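Heads up: the structure comes next, in structure tokens.
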Amino acid sequence: MSEEKKEKKAIFSAKNRKLLINPLHKDNPITTQVLGICSALAVTAKVKPAFVMTLSVMAVLAIGNVIISILRNGIPPRIRIIVQLVVIAALVILVDQVLKAFVFDVSKQLSVFVGLIITNCIIMGRFEAFAMANKPWESFLDGLGNAFGYGWILIVVAFFREFLGSGTIWDYPVMEKLGVYSFGYENNGFMILPPMALIIVGVIIWVQRSKDKTLIEEK
Amino acid sequence: MQELFNIFVKSIFIDNMVFAYFLGMCSYLAVSKTVKTSMGLGLAVVFVLGITVPVDYLMNKYLLSEGALSWLSPEFATVDLSFLSFIMFIAVIASMVQLVEMIVEKFAPVLYNSLGIFLPLIAVNCAILGGSLFMQEREYETIWQATSFGLGSGVGFLLAIIGIAAIREKIRYSNVPAPLRGLGITFIITGLMGIAFMSFLGIKL
């Protein structure tokens, strides 16, 4: 009981709120820390797979962070990479089986990229940088925060690519309902192609850094 | 023989790891500041992909896929262990990287010094695990096909990372808008290079 109270108090402390909010903007895993780009770009042709991918990464990152944080004093530093990989791989297998059981079509669309969560640098990066040195509850918040920061970029990129490329949002034919096709509007097939994801992320970085000058890199 | 060559060329240009699938992006962005270091990383990736893909092919064929264990005894003909493939592949990759590192250190110290820190880092490069997973998904028939796919993907990565490093060395002298400096412009250049590589899509092999 006393532990529960402590946790409740901790939820509202300013430091913990920072853990949750900082990765959304200033400390964003994709645009500032440059982690986890590999899988982020490949699944963003449509909003739905991007959303499922975000949930999977969130589950693996939050639970993995807690596990590593609980084990942190028992892991010999020399073999910590192997231990971390085993924890991640076990969690990813669970996520993969759940996806195959409940959303098979999305799981087919994501193909190898579910497996590639294992080598997603966000997860290893947060384990190394945060969970190895902090308590389970803080690690859990850090995991959630970073997954949210990863997720919103994914969903913004997917939104633009699906809206401009296929004229749909979450498979709902927006452009068709608006009736713009009868005026001669055509979908921009270019947006579906992989390179456009990179350019959209580049533009997001541009917007973010022009708003927040502190993030601009030295020459 | 021609088929092997086709797979090799296809995995370099048409199915390029970086431009078509975004694999290995993290190290691609982090290590592409100069041509020299990116050459080291690229060579290490070719090396490791050329070894791990055929080894994982054997694992998949004789251990993991459905009915693969029937060489042990006919009772196992229905056993399907493919859900274990992630953990098996990553274990093979991690141990292969360790092994390759020790062998290179012993027999080719010059190469070892030039590869330096990149060899251990490769264990967590998505391109390596991605190579094995694509090999499993595309169901190559012989070990030679798997090997030529692995080597081809590695060479594709090498080509991509040397290209971006050369451009980044030159772009330092141009006047990039301040918020785009560094990471932003690298993303956009990679996108443009990807568009250029898409012209290979028309090639039928």
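Lettering and numbering for the structure tokens are positional, with chains as A, B, ... in the shown order, residues counted from 1 in each chain, and ligands counted from 1 in the shown order.
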Could you give me, as JSON lines, every chain B residue with an atom at most 6 Å from chain A, plus its closest atom pair and distance in Å to one decimal, counting only C-alpha atoms, rows ordered by chain then number?
```
{"residue": "B:Phe22", "atom": "CA", "partner": "A:Cys38", "partner_atom": "CA", "distance": 5.1}
{"residue": "B:Leu23", "atom": "CA", "partner": "A:Cys38", "partner_atom": "CA", "distance": 5.1}
{"residue": "B:Met25", "atom": "CA", "partner": "A:Cys38", "partner_atom": "CA", "distance": 5.0}
{"residue": "B:Ile87", "atom": "CA", "partner": "A:Ala89", "partner_atom": "CA", "distance": 5.6}
{"residue": "B:Val124", "atom": "CA", "partner": "A:Thr119", "partner_atom": "CA", "distance": 5.3}
{"residue": "B:Cys126", "atom": "CA", "partner": "A:Thr119", "partner_atom": "CA", "distance": 5.3}
{"residue": "B:Pro179", "atom": "CA", "partner": "A:Arg209", "partner_atom": "CA", "distance": 5.0}
{"residue": "B:Leu180", "atom": "CA", "partner": "A:Trp206", "partner_atom": "CA", "distance": 5.3}
{"residue": "B:Gly184", "atom": "CA", "partner": "A:Gly202", "partner_atom": "CA", "distance": 4.7}
{"residue": "B:Phe187", "atom": "CA", "partner": "A:Gly202", "partner_atom": "CA", "distance": 5.2}
{"residue": "B:Ile188", "atom": "CA", "partner": "A:Ile199", "partner_atom": "CA", "distance": 4.8}
{"residue": "B:Gly191", "atom": "CA", "partner": "A:Pro195", "partner_atom": "CA", "distance": 4.4}
{"residue": "B:Gly194", "atom": "CA", "partner": "A:Pro195", "partner_atom": "CA", "distance": 5.2}
{"residue": "B:Ile195", "atom": "CA", "partner": "A:Pro195", "partner_atom": "CA", "distance": 6.0}
```
Selection from above, N, CA, C and O atoms, as a PDB file, in the first residue's frame, can you write it?
```pdb
ATOM      1  N   PHE B  22      15.277   1.344 -46.451  1.00  0.00           N
ATOM      2  CA  PHE B  22      15.692   2.144 -45.291  1.00  0.00           C
ATOM      3  C   PHE B  22      16.362   1.331 -44.212  1.00  0.00           C
ATOM      4  O   PHE B  22      16.214   1.616 -43.033  1.00  0.00           O
ATOM      5  N   LEU B  23      17.071   0.272 -44.581  1.00  0.00           N
ATOM      6  CA  LEU B  23      17.731  -0.507 -43.529  1.00  0.00           C
ATOM      7  C   LEU B  23      19.130   0.031 -43.300  1.00  0.00           C
ATOM      8  O   LEU B  23      19.796   0.490 -44.223  1.00  0.00           O
ATOM      9  N   MET B  25      19.826   2.609 -41.617  1.00  0.00           N
ATOM     10  CA  MET B  25      19.784   4.069 -41.646  1.00  0.00           C
ATOM     11  C   MET B  25      20.561   4.714 -40.500  1.00  0.00           C
ATOM     12  O   MET B  25      21.199   5.739 -40.681  1.00  0.00           O
ATOM     13  N   ILE B  87      15.113 -14.739 -32.588  1.00  0.00           N
ATOM     14  CA  ILE B  87      16.106 -14.897 -31.522  1.00  0.00           C
ATOM     15  C   ILE B  87      17.299 -15.705 -32.032  1.00  0.00           C
ATOM     16  O   ILE B  87      18.458 -15.419 -31.706  1.00  0.00           O
ATOM     17  N   VAL B 124      24.257  -4.586 -34.143  1.00  0.00           N
ATOM     18  CA  VAL B 124      22.946  -3.955 -34.002  1.00  0.00           C
ATOM     19  C   VAL B 124      22.598  -3.108 -35.220  1.00  0.00           C
ATOM     20  O   VAL B 124      21.784  -2.213 -35.122  1.00  0.00           O
ATOM     21  N   CYS B 126      20.584  -2.637 -38.494  1.00  0.00           N
ATOM     22  CA  CYS B 126      19.366  -3.279 -39.007  1.00  0.00           C
ATOM     23  C   CYS B 126      19.605  -3.968 -40.341  1.00  0.00           C
ATOM     24  O   CYS B 126      18.927  -4.924 -40.674  1.00  0.00           O
ATOM     25  N   PRO B 179      18.437  25.998 -40.149  1.00  0.00           N
ATOM     26  CA  PRO B 179      17.699  24.907 -39.502  1.00  0.00           C
ATOM     27  C   PRO B 179      17.876  23.562 -40.199  1.00  0.00           C
ATOM     28  O   PRO B 179      17.639  22.522 -39.609  1.00  0.00           O
ATOM     29  N   LEU B 180      18.297  23.580 -41.454  1.00  0.00           N
ATOM     30  CA  LEU B 180      18.475  22.320 -42.175  1.00  0.00           C
ATOM     31  C   LEU B 180      19.878  21.761 -42.013  1.00  0.00           C
ATOM     32  O   LEU B 180      20.140  20.626 -42.396  1.00  0.00           O
ATOM     33  N   GLY B 184      19.064  17.612 -41.242  1.00  0.00           N
ATOM     34  CA  GLY B 184      17.952  17.870 -42.153  1.00  0.00           C
ATOM     35  C   GLY B 184      18.343  17.712 -43.602  1.00  0.00           C
ATOM     36  O   GLY B 184      17.689  16.997 -44.369  1.00  0.00           O
ATOM     37  N   PHE B 187      18.926  14.130 -44.696  1.00  0.00           N
ATOM     38  CA  PHE B 187      17.690  13.401 -45.010  1.00  0.00           C
ATOM     39  C   PHE B 187      17.237  13.709 -46.428  1.00  0.00           C
ATOM     40  O   PHE B 187      16.895  12.814 -47.205  1.00  0.00           O
ATOM     41  N   ILE B 188      17.227  15.006 -46.764  1.00  0.00           N
ATOM     42  CA  ILE B 188      16.689  15.385 -48.070  1.00  0.00           C
ATOM     43  C   ILE B 188      17.583  14.872 -49.191  1.00  0.00           C
ATOM     44  O   ILE B 188      17.094  14.343 -50.198  1.00  0.00           O
ATOM     45  N   GLY B 191      16.888  11.313 -49.718  1.00  0.00           N
ATOM     46  CA  GLY B 191      15.657  11.157 -50.476  1.00  0.00           C
ATOM     47  C   GLY B 191      15.895  11.340 -51.961  1.00  0.00           C
ATOM     48  O   GLY B 191      15.422  10.555 -52.784  1.00  0.00           O
ATOM     49  N   GLY B 194      17.620   8.463 -53.348  1.00  0.00           N
ATOM     50  CA  GLY B 194      16.663   7.355 -53.469  1.00  0.00           C
ATOM     51  C   GLY B 194      15.862   7.473 -54.755  1.00  0.00           C
ATOM     52  O   GLY B 194      15.636   6.488 -55.453  1.00  0.00           O
ATOM     53  N   ILE B 195      15.444   8.713 -55.073  1.00  0.00           N
ATOM     54  CA  ILE B 195      14.679   8.914 -56.307  1.00  0.00           C
ATOM     55  C   ILE B 195      15.533   8.531 -57.511  1.00  0.00           C
ATOM     56  O   ILE B 195      15.068   7.877 -58.443  1.00  0.00           O
TER      57      ILE B 195
END
```
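Contact shell of B:Met96 at 9 Å (only C-alpha atoms; same-chain neighbours under 5 positions omitted): Val48, Ile51, Thr52, Ala91, Glu101 and Ala123 of chain B.
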Grab the residues selected above and save them as a tab-separated table (two decimals), in the first residue's frame with C-alpha atoms.
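Result file is again_34.tsv:
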```tsv
chain	number	residue	atom	x	y	z
B	48	VAL	CA	29.43	-9.64	-42.16
B	51	ILE	CA	28.89	-14.57	-43.78
B	52	THR	CA	25.68	-14.28	-41.75
B	91	ALA	CA	22.19	-14.87	-31.75
B	101	GLU	CA	36.31	-9.80	-35.07
B	123	ALA	CA	25.70	-6.52	-34.49
```
DSSP on the backbone, then: every residue of stretch 10-194 of chain B marked alpha helix (DSSP H), written as an NGL selection string.
:B and (17-21 or 25-30 or 35-59 or 85-107 or 109-115 or 118-121 or 126-138 or 143-171 or 183-194)
Excluding stretch 142-157 of chain B and any residue of its chain fewer than 2 positions from it, enumerate the residues within 7 Å of it, using only C-alpha atoms, and give them as a ChimeraX atom specification.
/B:4,7-9,11-13,16-18,42,45-46,49-50,53-54,57,131,135,140,159-161
Using only C-alpha atoms, can you tell me which of B:Trp71, B:Ala30, B:Asn60, B:Ile167 comes closest to B:Phe134?
B:Asn60
Residues near B:Thr78, anyone? I mean within 12 Å using only C-alpha atoms, not counting same-chain ones fewer than 2 positions away, as a list of chain:residue names.
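With the cut-off at 12 Å, the set is B:Leu64, B:Ser65, B:Glu66, B:Gly67, B:Ala68, B:Leu69, B:Ser70, B:Ser73, B:Pro74, B:Glu75, B:Phe76, B:Asp80, B:Leu81, B:Ser82.
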Output for the residues just chosen: N, CA, C and O atoms as a PDB file, in the first residue's frame:
```pdb
ATOM      1  N   LEU B  64      14.750 -24.380 -38.540  1.00  0.00           N
ATOM      2  CA  LEU B  64      13.628 -23.548 -38.126  1.00  0.00           C
ATOM      3  C   LEU B  64      12.348 -23.748 -38.931  1.00  0.00           C
ATOM      4  O   LEU B  64      11.268 -23.800 -38.355  1.00  0.00           O
ATOM      5  N   SER B  65      12.448 -23.861 -40.264  1.00  0.00           N
ATOM      6  CA  SER B  65      11.206 -23.855 -41.037  1.00  0.00           C
ATOM      7  C   SER B  65      10.449 -25.175 -40.859  1.00  0.00           C
ATOM      8  O   SER B  65      10.966 -26.138 -40.309  1.00  0.00           O
ATOM      9  N   GLU B  66       9.207 -25.175 -41.362  1.00  0.00           N
ATOM     10  CA  GLU B  66       8.345 -26.329 -41.101  1.00  0.00           C
ATOM     11  C   GLU B  66       8.911 -27.589 -41.752  1.00  0.00           C
ATOM     12  O   GLU B  66       9.265 -27.583 -42.921  1.00  0.00           O
ATOM     13  N   GLY B  67       8.996 -28.656 -40.976  1.00  0.00           N
ATOM     14  CA  GLY B  67       9.520 -29.912 -41.489  1.00  0.00           C
ATOM     15  C   GLY B  67      11.030 -29.928 -41.627  1.00  0.00           C
ATOM     16  O   GLY B  67      11.595 -30.875 -42.178  1.00  0.00           O
ATOM     17  N   ALA B  68      11.700 -28.869 -41.136  1.00  0.00           N
ATOM     18  CA  ALA B  68      13.142 -28.784 -41.332  1.00  0.00           C
ATOM     19  C   ALA B  68      13.880 -29.838 -40.509  1.00  0.00           C
ATOM     20  O   ALA B  68      14.977 -30.249 -40.857  1.00  0.00           O
ATOM     21  N   LEU B  69      13.256 -30.259 -39.402  1.00  0.00           N
ATOM     22  CA  LEU B  69      13.962 -31.189 -38.515  1.00  0.00           C
ATOM     23  C   LEU B  69      13.831 -32.637 -38.961  1.00  0.00           C
ATOM     24  O   LEU B  69      14.319 -33.526 -38.281  1.00  0.00           O
ATOM     25  N   SER B  70      13.215 -32.886 -40.113  1.00  0.00           N
ATOM     26  CA  SER B  70      12.959 -34.278 -40.486  1.00  0.00           C
ATOM     27  C   SER B  70      14.243 -35.039 -40.792  1.00  0.00           C
ATOM     28  O   SER B  70      14.233 -36.263 -40.844  1.00  0.00           O
ATOM     29  N   SER B  73      14.823 -37.065 -37.471  1.00  0.00           N
ATOM     30  CA  SER B  73      13.990 -38.248 -37.380  1.00  0.00           C
ATOM     31  C   SER B  73      12.645 -37.913 -38.006  1.00  0.00           C
ATOM     32  O   SER B  73      12.196 -36.769 -37.912  1.00  0.00           O
ATOM     33  N   PRO B  74      11.995 -38.860 -38.690  1.00  0.00           N
ATOM     34  CA  PRO B  74      10.760 -38.543 -39.408  1.00  0.00           C
ATOM     35  C   PRO B  74       9.635 -38.046 -38.510  1.00  0.00           C
ATOM     36  O   PRO B  74       8.694 -37.411 -38.995  1.00  0.00           O
ATOM     37  N   GLU B  75       9.739 -38.291 -37.197  1.00  0.00           N
ATOM     38  CA  GLU B  75       8.664 -37.836 -36.303  1.00  0.00           C
ATOM     39  C   GLU B  75       8.522 -36.319 -36.312  1.00  0.00           C
ATOM     40  O   GLU B  75       7.453 -35.777 -36.061  1.00  0.00           O
ATOM     41  N   PHE B  76       9.648 -35.623 -36.567  1.00  0.00           N
ATOM     42  CA  PHE B  76       9.633 -34.166 -36.444  1.00  0.00           C
ATOM     43  C   PHE B  76       9.112 -33.466 -37.695  1.00  0.00           C
ATOM     44  O   PHE B  76       9.213 -32.262 -37.811  1.00  0.00           O
ATOM     45  N   ASP B  80       7.252 -26.931 -36.487  1.00  0.00           N
ATOM     46  CA  ASP B  80       7.533 -25.640 -37.111  1.00  0.00           C
ATOM     47  C   ASP B  80       8.079 -24.683 -36.053  1.00  0.00           C
ATOM     48  O   ASP B  80       7.357 -24.248 -35.167  1.00  0.00           O
ATOM     49  N   LEU B  81       9.376 -24.406 -36.146  1.00  0.00           N
ATOM     50  CA  LEU B  81       9.995 -23.560 -35.126  1.00  0.00           C
ATOM     51  C   LEU B  81      10.208 -22.132 -35.618  1.00  0.00           C
ATOM     52  O   LEU B  81      10.974 -21.384 -35.028  1.00  0.00           O
ATOM     53  N   SER B  82       9.520 -21.754 -36.717  1.00  0.00           N
ATOM     54  CA  SER B  82       9.897 -20.478 -37.336  1.00  0.00           C
ATOM     55  C   SER B  82       9.624 -19.275 -36.427  1.00  0.00           C
ATOM     56  O   SER B  82      10.198 -18.210 -36.647  1.00  0.00           O
TER      57      SER B  82
END
```
Straight-line distance linking atom CA of B:Asn125 with atom CA of A:Lys135, stated in Å to one decimal:
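Atom CA of B:Asn125 sits 28.2 Å away from atom CA of A:Lys135.
Nearest to B:Ser32 of all the residues B:Ile164, B:Ala127, B:Ile103, B:Ala94 is B:Ile164, counting only C-alpha atoms.
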